[in-house]
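Data from my_file04.cif: mmCIF, C-alpha atoms
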data_target
#
loop_
_atom_site.label_atom_id
_atom_site.label_comp_id
_atom_site.auth_asym_id
_atom_site.auth_seq_id
_atom_site.Cartn_x
_atom_site.Cartn_y
_atom_site.Cartn_z
CA MET G 277 49.72 58.34 -9.49
CA SER G 278 47.83 61.59 -9.64
CA SER G 279 45.30 61.27 -6.87
CA GLY G 280 44.08 64.77 -7.70
CA LEU G 281 43.03 63.77 -11.20
CA PHE G 282 41.53 60.51 -10.03
CA ASN G 283 39.50 62.12 -7.32
CA PHE G 284 38.28 64.82 -9.64
CA PHE G 285 36.66 62.30 -11.91
CA ARG G 286 35.35 60.35 -8.97
CA GLY G 287 33.75 63.55 -7.79
CA ARG G 288 35.46 63.37 -4.40
CA LYS G 289 34.06 65.59 -1.68
CA GLU G 290 36.49 64.31 0.91
CA PRO G 291 38.68 67.19 2.09
CA ALA G 292 42.41 67.15 1.34
CA SER G 293 44.43 65.38 4.05
CA ARG G 294 46.36 68.61 4.55
CA ASP G 295 43.15 70.38 5.64
CA VAL G 296 42.18 67.50 7.89
CA ALA G 297 45.62 67.60 9.50
CA LYS G 298 45.37 71.34 10.08
CA GLN G 299 41.94 71.08 11.68
CA ARG G 300 42.94 68.20 13.92
CA LEU G 301 46.07 70.03 14.95
CA GLN G 302 44.20 73.20 15.79
CA LEU G 303 41.75 71.23 17.88
CA VAL G 304 44.35 69.30 19.85
CA LEU G 305 46.35 72.47 20.49
CA VAL G 306 43.32 74.16 22.04
CA HIS G 307 43.56 71.59 24.83
CA ASP G 308 47.36 71.50 24.94
CA ARG G 309 47.60 75.25 25.35
CA SER G 310 45.00 75.60 28.08
CA ASN G 311 45.14 74.17 31.54
CA ILE G 312 41.78 72.65 30.92
CA SER G 313 42.41 68.96 30.51
CA PRO G 314 39.79 66.42 29.49
CA GLY G 315 39.98 65.21 33.13
CA LEU G 316 39.11 68.66 34.47
CA LEU G 317 36.22 68.90 32.01
CA GLU G 318 34.88 65.60 33.33
CA THR G 319 35.11 66.85 36.93
CA LEU G 320 33.30 70.05 35.96
CA ARG G 321 30.66 68.01 34.19
CA GLU G 322 29.98 65.87 37.23
CA GLU G 323 29.83 68.83 39.59
CA ILE G 324 27.57 70.84 37.29
CA ILE G 325 25.21 67.86 37.04
CA ASP G 326 25.14 67.66 40.86
CA VAL G 327 24.40 71.35 41.31
CA ILE G 328 21.72 71.61 38.66
CA SER G 329 20.08 68.29 39.56
CA LYS G 330 19.21 69.72 42.98
CA ARG G 331 16.74 72.10 41.34
CA VAL G 332 15.95 70.78 37.88
CA GLU G 333 15.56 67.36 36.36
CA ILE G 334 18.22 66.98 33.73
CA ASP G 335 19.42 64.20 31.47
CA GLY G 336 22.79 63.65 33.19
CA ALA G 337 24.10 61.26 30.56
CA ALA G 338 23.63 63.84 27.81
CA VAL G 339 25.32 66.76 29.57
CA GLN G 340 28.32 68.01 27.61
CA ILE G 341 30.96 70.50 28.69
CA THR G 342 33.21 71.70 25.90
CA PHE G 343 36.10 74.10 25.86
CA THR G 344 36.55 76.34 22.83
CA GLN G 345 39.16 78.91 22.06
CA THR G 346 39.42 81.59 19.41
CA ARG G 347 41.90 84.40 19.04
CA ASN G 348 39.80 86.67 21.23
CA GLU G 349 38.21 84.51 23.85
CA SER G 350 38.19 81.19 25.55
CA LYS G 351 34.98 79.74 26.82
CA LEU G 352 33.41 76.75 28.42
CA VAL G 353 30.11 75.78 26.90
CA ALA G 354 27.79 73.59 28.92
CA ASP G 355 25.01 71.84 27.04
CA ILE G 356 22.50 70.62 29.62
CA PRO G 357 19.35 69.00 28.22
CA LEU G 358 16.38 69.16 30.60
CA LEU G 359 14.26 66.04 31.03
CA ASP G 360 10.85 67.65 30.75
CA GLY G 361 11.44 71.32 31.18
CA ARG G 362 9.69 71.41 34.56
CA ARG G 363 11.40 72.32 37.76
CA LYS G 364 11.91 69.65 40.36
CA LYS G 365 10.69 71.61 43.37
CA PRO G 366 8.74 74.61 42.13
CA ARG G 367 8.28 76.12 45.58
CA GLU G 368 11.99 76.22 46.27
CA ARG G 369 12.97 77.76 43.00
CA MET G 370 15.73 80.30 42.91
CA GLY G 371 15.90 83.32 40.63
CA GLY G 372 18.99 82.32 38.65
CA VAL G 373 17.78 78.88 37.85
CA SER G 374 14.65 80.10 36.11
CA SER G 375 16.68 81.20 33.13
CA LEU G 376 17.39 77.60 32.19
CA THR G 377 15.46 76.50 29.13
CA GLN G 378 15.42 73.44 26.99
CA SER G 379 17.45 75.02 24.27
CA PRO G 380 20.90 73.60 23.57
CA HIS G 381 23.78 75.52 25.13
CA GLY G 382 21.66 76.17 28.17
CA VAL G 383 24.46 77.74 30.21
CA ASN G 384 27.47 79.66 29.06
CA VAL G 385 30.34 80.03 31.45
CA LYS G 386 33.21 82.19 30.27
CA SER G 387 36.60 81.59 31.73
CA ASP G 388 38.61 84.68 32.55
CA GLU G 389 41.50 83.86 30.20
CA MET M 28 81.93 91.35 20.04
CA ALA M 29 80.80 88.33 22.02
CA GLY M 30 79.44 85.43 20.02
CA GLN M 31 75.83 84.36 19.86
CA VAL M 32 74.62 81.09 21.41
CA ILE M 33 71.89 79.39 19.37
CA THR M 34 70.19 76.26 20.67
CA VAL M 35 68.52 73.94 18.18
CA THR M 36 65.63 71.95 19.61
CA SER M 37 62.34 70.36 18.55
CA GLY M 38 60.41 68.56 21.25
CA LYS M 39 59.85 65.55 19.04
CA GLY M 40 62.81 63.37 18.13
CA GLY M 41 63.78 62.46 14.60
CA VAL M 42 62.81 65.72 12.91
CA GLY M 43 66.40 66.55 11.95
CA LYS M 44 67.84 68.61 14.83
CA THR M 45 71.35 67.22 14.44
CA THR M 46 71.34 67.57 10.65
CA VAL M 47 70.09 71.15 10.96
CA THR M 48 72.72 72.01 13.60
CA ALA M 49 75.60 70.53 11.58
CA ASN M 50 74.56 72.14 8.34
CA ILE M 51 73.91 75.61 9.72
CA GLY M 52 77.32 75.36 11.38
CA VAL M 53 78.97 74.37 8.11
CA ALA M 54 77.15 77.11 6.19
CA LEU M 55 78.10 79.80 8.72
CA ALA M 56 81.75 78.69 8.66
CA ALA M 57 81.71 78.69 4.85
CA LEU M 58 80.63 82.33 5.09
CA GLY M 59 83.75 83.07 7.12
CA LYS M 60 82.30 82.90 10.63
CA ARG M 61 83.99 81.21 13.57
CA VAL M 62 81.58 78.50 14.71
CA VAL M 63 81.43 75.81 17.41
CA CYS M 64 78.85 73.05 17.12
CA LEU M 65 78.23 71.73 20.62
CA ASP M 66 76.58 68.35 21.09
CA ALA M 67 74.44 68.58 24.24
CA ASP M 68 72.74 65.24 23.69
CA ILE M 69 74.79 63.52 26.38
CA GLY M 70 74.71 59.72 26.07
CA LEU M 71 73.38 59.81 22.51
CA ARG M 72 76.29 61.43 20.72
CA ASN M 73 75.56 61.95 17.03
CA LEU M 74 76.67 65.38 15.88
CA ASP M 75 80.19 63.96 15.39
CA VAL M 76 79.10 61.39 12.79
CA VAL M 77 76.81 63.82 10.97
CA MET M 78 79.72 66.27 10.69
CA GLY M 79 82.13 63.48 9.73
CA LEU M 80 84.48 64.11 12.68
CA GLU M 81 83.87 60.95 14.73
CA ASN M 82 87.39 59.57 14.28
CA ARG M 83 89.11 62.51 15.85
CA ILE M 84 87.43 62.70 19.25
CA VAL M 85 89.76 62.63 22.24
CA TYR M 86 87.91 64.59 24.92
CA ASP M 87 84.27 65.61 25.23
CA VAL M 88 82.17 68.29 26.91
CA VAL M 89 81.89 66.29 30.16
CA ASP M 90 85.71 66.06 30.33
CA VAL M 91 85.80 69.86 30.06
CA ILE M 92 83.16 70.33 32.77
CA GLU M 93 84.82 67.87 35.13
CA GLY M 94 88.24 69.42 34.55
CA ARG M 95 90.00 66.51 32.86
CA CYS M 96 91.06 68.73 29.96
CA LYS M 97 91.10 72.31 28.81
CA LEU M 98 88.23 73.52 26.65
CA ARG M 99 90.59 74.09 23.74
CA GLN M 100 91.83 70.47 23.91
CA ALA M 101 88.30 69.10 23.50
CA LEU M 102 87.48 71.22 20.44
CA ILE M 103 87.88 69.31 17.18
CA LYS M 104 88.79 71.54 14.26
CA ASP M 105 87.14 70.68 10.96
CA LYS M 106 90.04 70.60 8.48
CA ARG M 107 87.73 71.30 5.53
CA LEU M 108 86.47 74.60 6.90
CA PRO M 109 88.69 76.93 8.87
CA GLY M 110 86.67 78.40 11.70
CA LEU M 111 84.47 75.32 12.28
CA CYS M 112 84.83 73.25 15.46
CA LEU M 113 82.95 70.48 17.21
CA LEU M 114 82.62 70.04 20.95
CA PRO M 115 81.37 66.45 21.21
CA ALA M 116 78.98 64.96 23.76
CA ALA M 117 80.05 62.22 26.14
CA GLN M 118 78.79 58.86 24.98
CA THR M 119 79.11 56.87 28.20
CA ARG M 120 77.43 59.32 30.58
CA ASP M 121 73.85 60.50 31.03
CA LYS M 122 72.08 63.86 31.02
CA SER M 123 72.80 64.47 34.70
CA ALA M 124 76.53 64.85 33.93
CA VAL M 125 75.88 68.36 32.56
CA LYS M 126 73.95 70.90 34.62
CA PRO M 127 72.51 74.08 33.10
CA SER M 128 75.10 76.16 34.96
CA ASP M 129 77.92 73.97 33.53
CA LEU M 130 76.80 74.60 29.98
CA VAL M 131 76.37 78.31 30.64
CA ARG M 132 79.97 78.43 31.88
CA VAL M 133 81.34 76.55 28.84
CA CYS M 134 79.40 78.84 26.49
CA GLU M 135 80.67 81.97 28.25
CA GLN M 136 84.19 80.83 27.43
CA LEU M 137 83.32 79.94 23.82
CA ARG M 138 81.57 83.27 23.20
CA ALA M 139 84.86 85.08 23.59
CA ASP M 140 86.53 83.26 20.67
CA TYR M 141 83.66 82.34 18.35
CA ASP M 142 80.92 84.20 16.45
CA PHE M 143 78.36 81.41 16.85
CA VAL M 144 77.91 78.56 19.31
CA LEU M 145 75.30 76.12 17.95
CA ILE M 146 73.94 73.71 20.54
CA ASP M 147 72.33 70.48 19.41
CA SER M 148 69.77 69.77 22.13
CA ALA M 149 68.45 66.43 23.27
CA ALA M 150 64.92 65.58 22.14
CA GLY M 151 62.14 65.87 24.69
CA ILE M 152 61.32 68.54 27.24
CA GLU M 153 63.10 67.14 30.27
CA GLU M 154 66.49 67.67 31.84
CA GLY M 155 68.56 67.63 28.64
CA PHE M 156 66.27 70.17 27.03
CA ARG M 157 66.43 72.53 30.01
CA THR M 158 70.21 72.29 30.11
CA ALA M 159 70.54 73.10 26.41
CA MET M 160 68.19 76.10 26.77
CA ALA M 161 70.09 77.70 29.65
CA PRO M 162 72.85 79.47 27.69
CA ALA M 163 70.76 80.26 24.57
CA ASP M 164 70.47 83.78 23.16
CA LEU M 165 68.28 82.40 20.41
CA VAL M 166 66.34 79.15 20.13
CA LEU M 167 65.73 77.51 16.76
CA ILE M 168 62.83 75.09 16.71
CA VAL M 169 63.00 72.40 14.07
CA THR M 170 59.75 70.83 12.97
CA ASN M 171 58.41 68.72 10.13
CA PRO M 172 55.14 69.53 8.36
CA GLU M 173 53.24 66.83 10.21
CA ILE M 174 50.83 66.80 13.12
CA SER M 175 52.99 65.18 15.79
CA ALA M 176 56.07 67.33 15.14
CA VAL M 177 54.08 70.59 15.03
CA ARG M 178 52.23 69.69 18.20
CA ASP M 179 55.49 69.06 20.06
CA ALA M 180 56.97 72.27 18.63
CA ASP M 181 53.98 74.13 20.06
CA ARG M 182 54.63 72.61 23.46
CA VAL M 183 58.28 73.71 23.35
CA ILE M 184 57.26 77.23 22.32
CA GLY M 185 54.90 77.31 25.32
CA LEU M 186 57.71 76.22 27.66
CA LEU M 187 60.06 78.87 26.27
CA GLU M 188 57.38 81.53 26.76
CA ALA M 189 56.85 80.36 30.33
CA ALA M 190 60.63 80.59 30.91
CA GLU M 191 60.55 84.10 29.43
CA LYS M 192 63.09 83.24 26.77
CA ALA M 193 63.28 85.45 23.68
CA SER M 194 60.85 84.41 20.97
CA PRO M 195 62.17 81.32 19.11
CA LYS M 196 62.55 81.01 15.36
CA LEU M 197 61.30 78.15 13.25
CA VAL M 198 62.94 75.82 10.74
CA VAL M 199 60.50 73.71 8.73
CA ASN M 200 62.49 70.64 7.74
CA ARG M 201 61.74 67.89 5.21
CA LEU M 202 58.96 69.67 3.34
CA LYS M 203 57.79 67.73 0.29
CA PRO M 204 56.65 70.32 -2.25
CA ALA M 205 54.87 67.78 -4.46
CA MET M 206 52.79 66.53 -1.52
CA VAL M 207 51.95 70.10 -0.53
CA SER M 208 50.78 70.80 -4.10
CA ARG M 209 48.58 67.71 -3.99
CA GLY M 210 47.02 68.86 -0.73
CA ASP M 211 48.55 66.00 1.20
CA MET M 212 51.02 67.84 3.42
CA LEU M 213 50.79 70.86 5.69
CA ASP M 214 52.35 73.87 3.99
CA THR M 215 54.79 76.25 5.65
CA ALA M 216 51.99 78.83 5.87
CA ASP M 217 49.79 76.36 7.80
CA VAL M 218 52.57 75.63 10.27
CA LEU M 219 53.31 79.33 10.75
CA GLU M 220 49.65 80.15 11.26
CA ILE M 221 49.42 77.52 13.98
CA LEU M 222 52.70 78.20 15.78
CA ALA M 223 52.81 81.99 15.29
CA VAL M 224 56.60 82.31 15.42
CA GLU M 225 59.09 83.81 12.99
CA LEU M 226 60.29 81.58 10.15
CA VAL M 227 64.03 81.33 9.56
CA GLY M 228 64.09 78.61 6.90
CA VAL M 229 62.33 75.89 4.95
CA VAL M 230 64.38 72.84 4.02
CA PRO M 231 62.92 70.66 1.27
CA GLU M 232 63.11 66.88 1.47
CA ASP M 233 66.25 65.99 -0.43
CA GLU M 234 67.90 62.58 -0.87
CA SER M 235 71.31 64.22 -1.00
CA VAL M 236 71.01 64.93 2.75
CA LEU M 237 71.23 61.22 3.51
CA VAL M 238 73.86 60.59 0.85
CA SER M 239 76.11 63.32 2.19
CA THR M 240 75.54 62.25 5.79
CA ASN M 241 76.55 58.72 4.75
CA ARG M 242 79.82 60.20 3.57
CA GLY M 243 80.30 62.47 6.57
CA GLN M 244 80.17 65.59 4.42
CA PRO M 245 77.28 67.81 5.52
CA VAL M 246 74.98 68.70 2.62
CA ALA M 247 75.54 72.44 3.11
CA MET M 248 78.91 71.84 1.41
CA ASP M 249 77.08 70.59 -1.70
CA VAL M 250 76.35 73.54 -4.00
CA LYS M 251 73.93 71.53 -6.14
CA SER M 252 71.65 70.31 -3.37
CA PRO M 253 68.35 72.17 -2.75
CA ALA M 254 68.56 71.33 0.97
CA GLY M 255 72.14 72.60 1.02
CA GLN M 256 70.93 75.86 -0.51
CA ALA M 257 68.23 76.12 2.14
CA PHE M 258 70.83 75.70 4.92
CA ARG M 259 73.07 78.36 3.38
CA ASN M 260 70.07 80.70 3.27
CA ILE M 261 69.34 80.05 6.95
CA ALA M 262 72.96 80.88 7.79
CA ARG M 263 72.72 84.20 5.97
CA ARG M 264 69.45 85.04 7.73
CA LEU M 265 71.09 84.30 11.09
CA MET M 266 73.83 86.76 10.11
CA GLY M 267 71.13 89.39 9.65
CA GLU M 268 70.83 89.31 5.88
CA ASP M 269 67.41 89.64 4.32
CA VAL M 270 67.22 86.54 2.14
CA PRO M 271 63.92 85.96 0.32
CA PHE M 272 62.29 82.58 0.97
CA GLN M 273 62.50 80.13 -1.90
CA THR M 274 59.27 78.90 -3.38
CA PHE M 275 59.50 75.21 -4.05
CA HIS M 276 57.77 74.04 -7.16
CA GLY M 277 56.28 70.68 -6.57
CA GLN M 278 55.77 68.12 -9.27
CA ALA M 279 52.14 69.16 -9.62
CA ASN M 280 51.72 70.50 -13.13
CA LEU M 281 49.23 73.06 -14.36
CA PHE M 282 46.51 70.48 -14.89
CA GLN M 283 46.85 69.09 -11.40
CA ARG M 284 46.67 72.56 -9.94
CA PHE M 285 43.59 73.26 -12.03
CA PHE M 286 41.88 70.09 -10.81
CA ARG M 287 42.80 70.86 -7.25
CA MET M 288 41.23 74.28 -7.64
CA MET M 289 38.06 72.71 -9.04
CA ARG M 290 37.96 70.18 -6.27
CA SER M 291 38.37 72.68 -3.49
CA ASP M 292 34.96 74.21 -4.30
CA GLY M 293 36.17 77.73 -4.72
CA ARG M 294 38.23 77.75 -1.52
CA GLN M 295 41.77 78.95 -1.88
CA PRO M 296 43.84 76.03 -3.08
#
Entire entry expressed as structure tokens:
Amino acid sequence: MSSGLFNFFRGRKEPASRDVAKQRLQLVLVHDRSNISPGLLETLREEIIDVISKRVEIDGAAVQITFTQTRNESKLVADIPLLDGRRKKPRERMGGVSSLTQSPHGVNVKSDE
Amino acid sequence: MAGQVITVTSGKGGVGKTTVTANIGVALAALGKRVVCLDADIGLRNLDVVMGLENRIVYDVVDVIEGRCKLRQALIKDKRLPGLCLLPAAQTRDKSAVKPSDLVRVCEQLRADYDFVLIDSAAGIEEGFRTAMAPADLVLIVTNPEISAVRDADRVIGLLEAAEKASPKLVVNRLKPAMVSRGDMLDTADVLEILAVELVGVVPEDESVLVSTNRGQPVAMDVKSPAGQAFRNIARRLMGEDVPFQTFHGQANLFQRFFRMMRSDGRQP
């Protein structure tokens, strides 16, 4: 009967299903409301891997592109782990690329929404 | 003054569009307004049975549009409530039988003689939905406090924004106060925070809705029913009255609320 009482004595840390529902809903609506579909994210991911791989050795399988949205801004976050932190062709390096480090969230690309 | 056309829609099916349309219609008529409930769900006629008028249908909205009868001949007067009429959907046709411009024309005629035209839209966001939206001055979105219904409501709100329709209003239907108190159902506040539209009513889950629909007597006629009260409140809000929102007390008692507070680690319960 009273799941509240039961869970209290069990010391439940599991969040209420209402809160889970709200979080899931907010997450799915971020995608629904934007024109950025999971398919588009995958295309972006592949193309970003191509572009960056020309200059830097990266772990392609671990690259993640995520779309986040708050009240004030929408952004794409690209997490691009480098394989060893060294540049592929040091002599050909370009200015912009040198800012890549091995930290997570290597590149931030803001959409103009 | 010309009447107002209100379209009731939801995106997701099965959330209670037809019940909401019938009961708001009944409640408005009980308050002395002249009301037409128009079933725009062509091919899936249902507003007639929910209103209890299914035995009196002669003509339908497609007959009117195709000129087989006069508008006035197709309107079924509800003998229990002076001022309430039904314009039924065709049952043997499909959505393509009514174009947006057809419905706009029918509603222009109805506006002259009625205070409110309530359109029960088809579920979904395709042809039937677009037709039902065309004549609307106001759109009511019906949702249930659950993920799938709220998600579809959000989609509909997006489509209305894109079509530059006036901002819709929300009816939260089938709320279970006891489940909300237990933390097992989205609350009205959660739904409003997510959808960011104006609330026009919250209808609690109430067995008397089904019982009265079984009998063909919409629950808004039942003075004892909590859902009926909620529908009467919605009607008064649509007439411009400032009616405070009811707070539903779930079956959670003081102890349960206390435990929920403890469990939520200091977050707002």
Ground truth for the PyMOL selection byres ((chain G) within 6 of (chain M)), written as a ChimeraX atom specification = /G:292-294
Please evaluate the PyMOL selection byres ((chain M and resi 63-68) around 10) against the structure above and give the resulting residues as a PyMOL selection string.
-> chain M and resi 32-34+45+48-53+56+60-62+69-75+78+87-89+102-104+110-118+121-122+125+130+134+137-138+140-150+155-156+158-159
Just how far from CA of Arg201 in chain M is CA of Pro231 in chain M, in Å to one decimal?
->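 Interatomic distance, CA of Pro231 in chain M to CA of Arg201 in chain M: 5.0 Å.
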Separation of CA of Leu358 in chain G and CA of Leu320 in chain G, in Å?
-> 17.8 Å
Show which residues sit within 9 Å of Ala338 in chain G, as a PyMOL selection string. Count all atoms listed in the file, and ignore same-chain residues fewer than 2 positions away.
-> chain G and resi 334-336+340+355-357
Could you list as a ChimeraX atom specification every residue that has an atom within 12 Å of (53.7, 75.2, 25.8), using the file's coordinates and counting all atoms listed in the file?
-> /G:305-311 /M:38,152,177-191,222
Written selection (C-alpha atoms) as a PDB file, in the frame of the given file:
ATOM      1  CA  LEU G 305      46.350  72.470  20.490  1.00  0.00           C
ATOM      2  CA  VAL G 306      43.320  74.160  22.040  1.00  0.00           C
ATOM      3  CA  HIS G 307      43.560  71.590  24.830  1.00  0.00           C
ATOM      4  CA  ASP G 308      47.360  71.500  24.940  1.00  0.00           C
ATOM      5  CA  ARG G 309      47.600  75.250  25.350  1.00  0.00           C
ATOM      6  CA  SER G 310      45.000  75.600  28.080  1.00  0.00           C
ATOM      7  CA  ASN G 311      45.140  74.170  31.540  1.00  0.00           C
TER       8      ASN G 311
ATOM      9  CA  GLY M  38      60.410  68.560  21.250  1.00  0.00           C
ATOM     10  CA  ILE M 152      61.320  68.540  27.240  1.00  0.00           C
ATOM     11  CA  VAL M 177      54.080  70.590  15.030  1.00  0.00           C
ATOM     12  CA  ARG M 178      52.230  69.690  18.200  1.00  0.00           C
ATOM     13  CA  ASP M 179      55.490  69.060  20.060  1.00  0.00           C
ATOM     14  CA  ALA M 180      56.970  72.270  18.630  1.00  0.00           C
ATOM     15  CA  ASP M 181      53.980  74.130  20.060  1.00  0.00           C
ATOM     16  CA  ARG M 182      54.630  72.610  23.460  1.00  0.00           C
ATOM     17  CA  VAL M 183      58.280  73.710  23.350  1.00  0.00           C
ATOM     18  CA  ILE M 184      57.260  77.230  22.320  1.00  0.00           C
ATOM     19  CA  GLY M 185      54.900  77.310  25.320  1.00  0.00           C
ATOM     20  CA  LEU M 186      57.710  76.220  27.660  1.00  0.00           C
ATOM     21  CA  LEU M 187      60.060  78.870  26.270  1.00  0.00           C
ATOM     22  CA  GLU M 188      57.380  81.530  26.760  1.00  0.00           C
ATOM     23  CA  ALA M 189      56.850  80.360  30.330  1.00  0.00           C
ATOM     24  CA  ALA M 190      60.630  80.590  30.910  1.00  0.00           C
ATOM     25  CA  GLU M 191      60.550  84.100  29.430  1.00  0.00           C
ATOM     26  CA  LEU M 222      52.700  78.200  15.780  1.00  0.00           C
TER      27      LEU M 222
END
Separation of CA of Val339 in chain G from CA of Gln299 in chain G, in Å and rounded to one decimal =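 For CA of Val339 in chain G relative to CA of Gln299 in chain G, the distance reads 24.8 Å.
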Got a sec: who's within 8 Å of Val131 in chain M, counting all atoms listed in the file, leaving out chain neighbours fewer than 3 positions off, as a PyMOL selection string?
-> chain M and resi 127-128+134-135+161-162
Will you model N, CA and C atoms for range 237-257 of chain M and pass it back as an mmCIF file, keeping the file's coordinate frame?
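Done, and the output landed in rebuild-v8.cif:
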data_model
loop_
_atom_site.group_PDB
_atom_site.id
_atom_site.type_symbol
_atom_site.label_atom_id
_atom_site.label_comp_id
_atom_site.auth_asym_id
_atom_site.auth_seq_id
_atom_site.Cartn_x
_atom_site.Cartn_y
_atom_site.Cartn_z
ATOM 1 N N LEU M 237 70.811 62.531 3.009
ATOM 2 C CA LEU M 237 71.230 61.220 3.510
ATOM 3 C C LEU M 237 72.546 60.780 2.867
ATOM 4 N N VAL M 238 72.649 60.996 1.559
ATOM 5 C CA VAL M 238 73.860 60.590 0.850
ATOM 6 C C VAL M 238 75.087 61.294 1.434
ATOM 7 N N SER M 239 74.957 62.592 1.671
ATOM 8 C CA SER M 239 76.110 63.320 2.190
ATOM 9 C C SER M 239 76.387 62.972 3.651
ATOM 10 N N THR M 240 75.325 62.693 4.405
ATOM 11 C CA THR M 240 75.540 62.250 5.790
ATOM 12 C C THR M 240 76.230 60.887 5.806
ATOM 13 N N ASN M 241 75.860 60.009 4.879
ATOM 14 C CA ASN M 241 76.550 58.720 4.750
ATOM 15 C C ASN M 241 78.055 58.914 4.604
ATOM 16 N N ARG M 242 78.408 59.957 3.855
ATOM 17 C CA ARG M 242 79.820 60.200 3.570
ATOM 18 C C ARG M 242 80.503 61.085 4.622
ATOM 19 N N GLY M 243 79.716 61.583 5.558
ATOM 20 C CA GLY M 243 80.300 62.470 6.570
ATOM 21 C C GLY M 243 80.649 63.845 6.043
ATOM 22 N N GLN M 244 79.956 64.248 4.965
ATOM 23 C CA GLN M 244 80.170 65.590 4.420
ATOM 24 C C GLN M 244 78.834 66.314 4.424
ATOM 25 N N PRO M 245 78.588 67.158 5.421
ATOM 26 C CA PRO M 245 77.280 67.810 5.520
ATOM 27 C C PRO M 245 76.834 68.438 4.201
ATOM 28 N N VAL M 246 75.548 68.348 3.923
ATOM 29 C CA VAL M 246 74.980 68.700 2.620
ATOM 30 C C VAL M 246 75.140 70.200 2.309
ATOM 31 N N ALA M 247 75.343 71.005 3.350
ATOM 32 C CA ALA M 247 75.540 72.440 3.110
ATOM 33 C C ALA M 247 76.801 72.707 2.296
ATOM 34 N N MET M 248 77.697 71.693 2.230
ATOM 35 C CA MET M 248 78.910 71.840 1.410
ATOM 36 C C MET M 248 78.603 71.573 -0.068
ATOM 37 N N ASP M 249 77.434 70.997 -0.343
ATOM 38 C CA ASP M 249 77.080 70.590 -1.700
ATOM 39 C C ASP M 249 76.314 71.727 -2.392
ATOM 40 N N VAL M 250 76.966 72.362 -3.374
ATOM 41 C CA VAL M 250 76.350 73.540 -4.000
ATOM 42 C C VAL M 250 75.141 73.181 -4.861
ATOM 43 N N LYS M 251 75.028 71.898 -5.245
ATOM 44 C CA LYS M 251 73.930 71.530 -6.140
ATOM 45 C C LYS M 251 72.653 71.108 -5.400
ATOM 46 N N SER M 252 72.791 70.862 -4.107
ATOM 47 C CA SER M 252 71.650 70.310 -3.370
ATOM 48 C C SER M 252 70.654 71.404 -2.941
ATOM 49 N N PRO M 253 69.354 71.194 -3.199
ATOM 50 C CA PRO M 253 68.350 72.170 -2.750
ATOM 51 C C PRO M 253 68.348 72.340 -1.225
ATOM 52 N N ALA M 254 68.528 71.219 -0.496
ATOM 53 C CA ALA M 254 68.560 71.330 0.970
ATOM 54 C C ALA M 254 69.794 72.134 1.395
ATOM 55 N N GLY M 255 70.920 71.865 0.714
ATOM 56 C CA GLY M 255 72.140 72.600 1.020
ATOM 57 C C GLY M 255 71.942 74.098 0.830
ATOM 58 N N GLN M 256 71.241 74.455 -0.245
ATOM 59 C CA GLN M 256 70.930 75.860 -0.510
ATOM 60 C C GLN M 256 70.077 76.448 0.616
ATOM 61 N N ALA M 257 69.097 75.648 1.064
ATOM 62 C CA ALA M 257 68.230 76.120 2.140
ATOM 63 C C ALA M 257 69.039 76.383 3.416
#
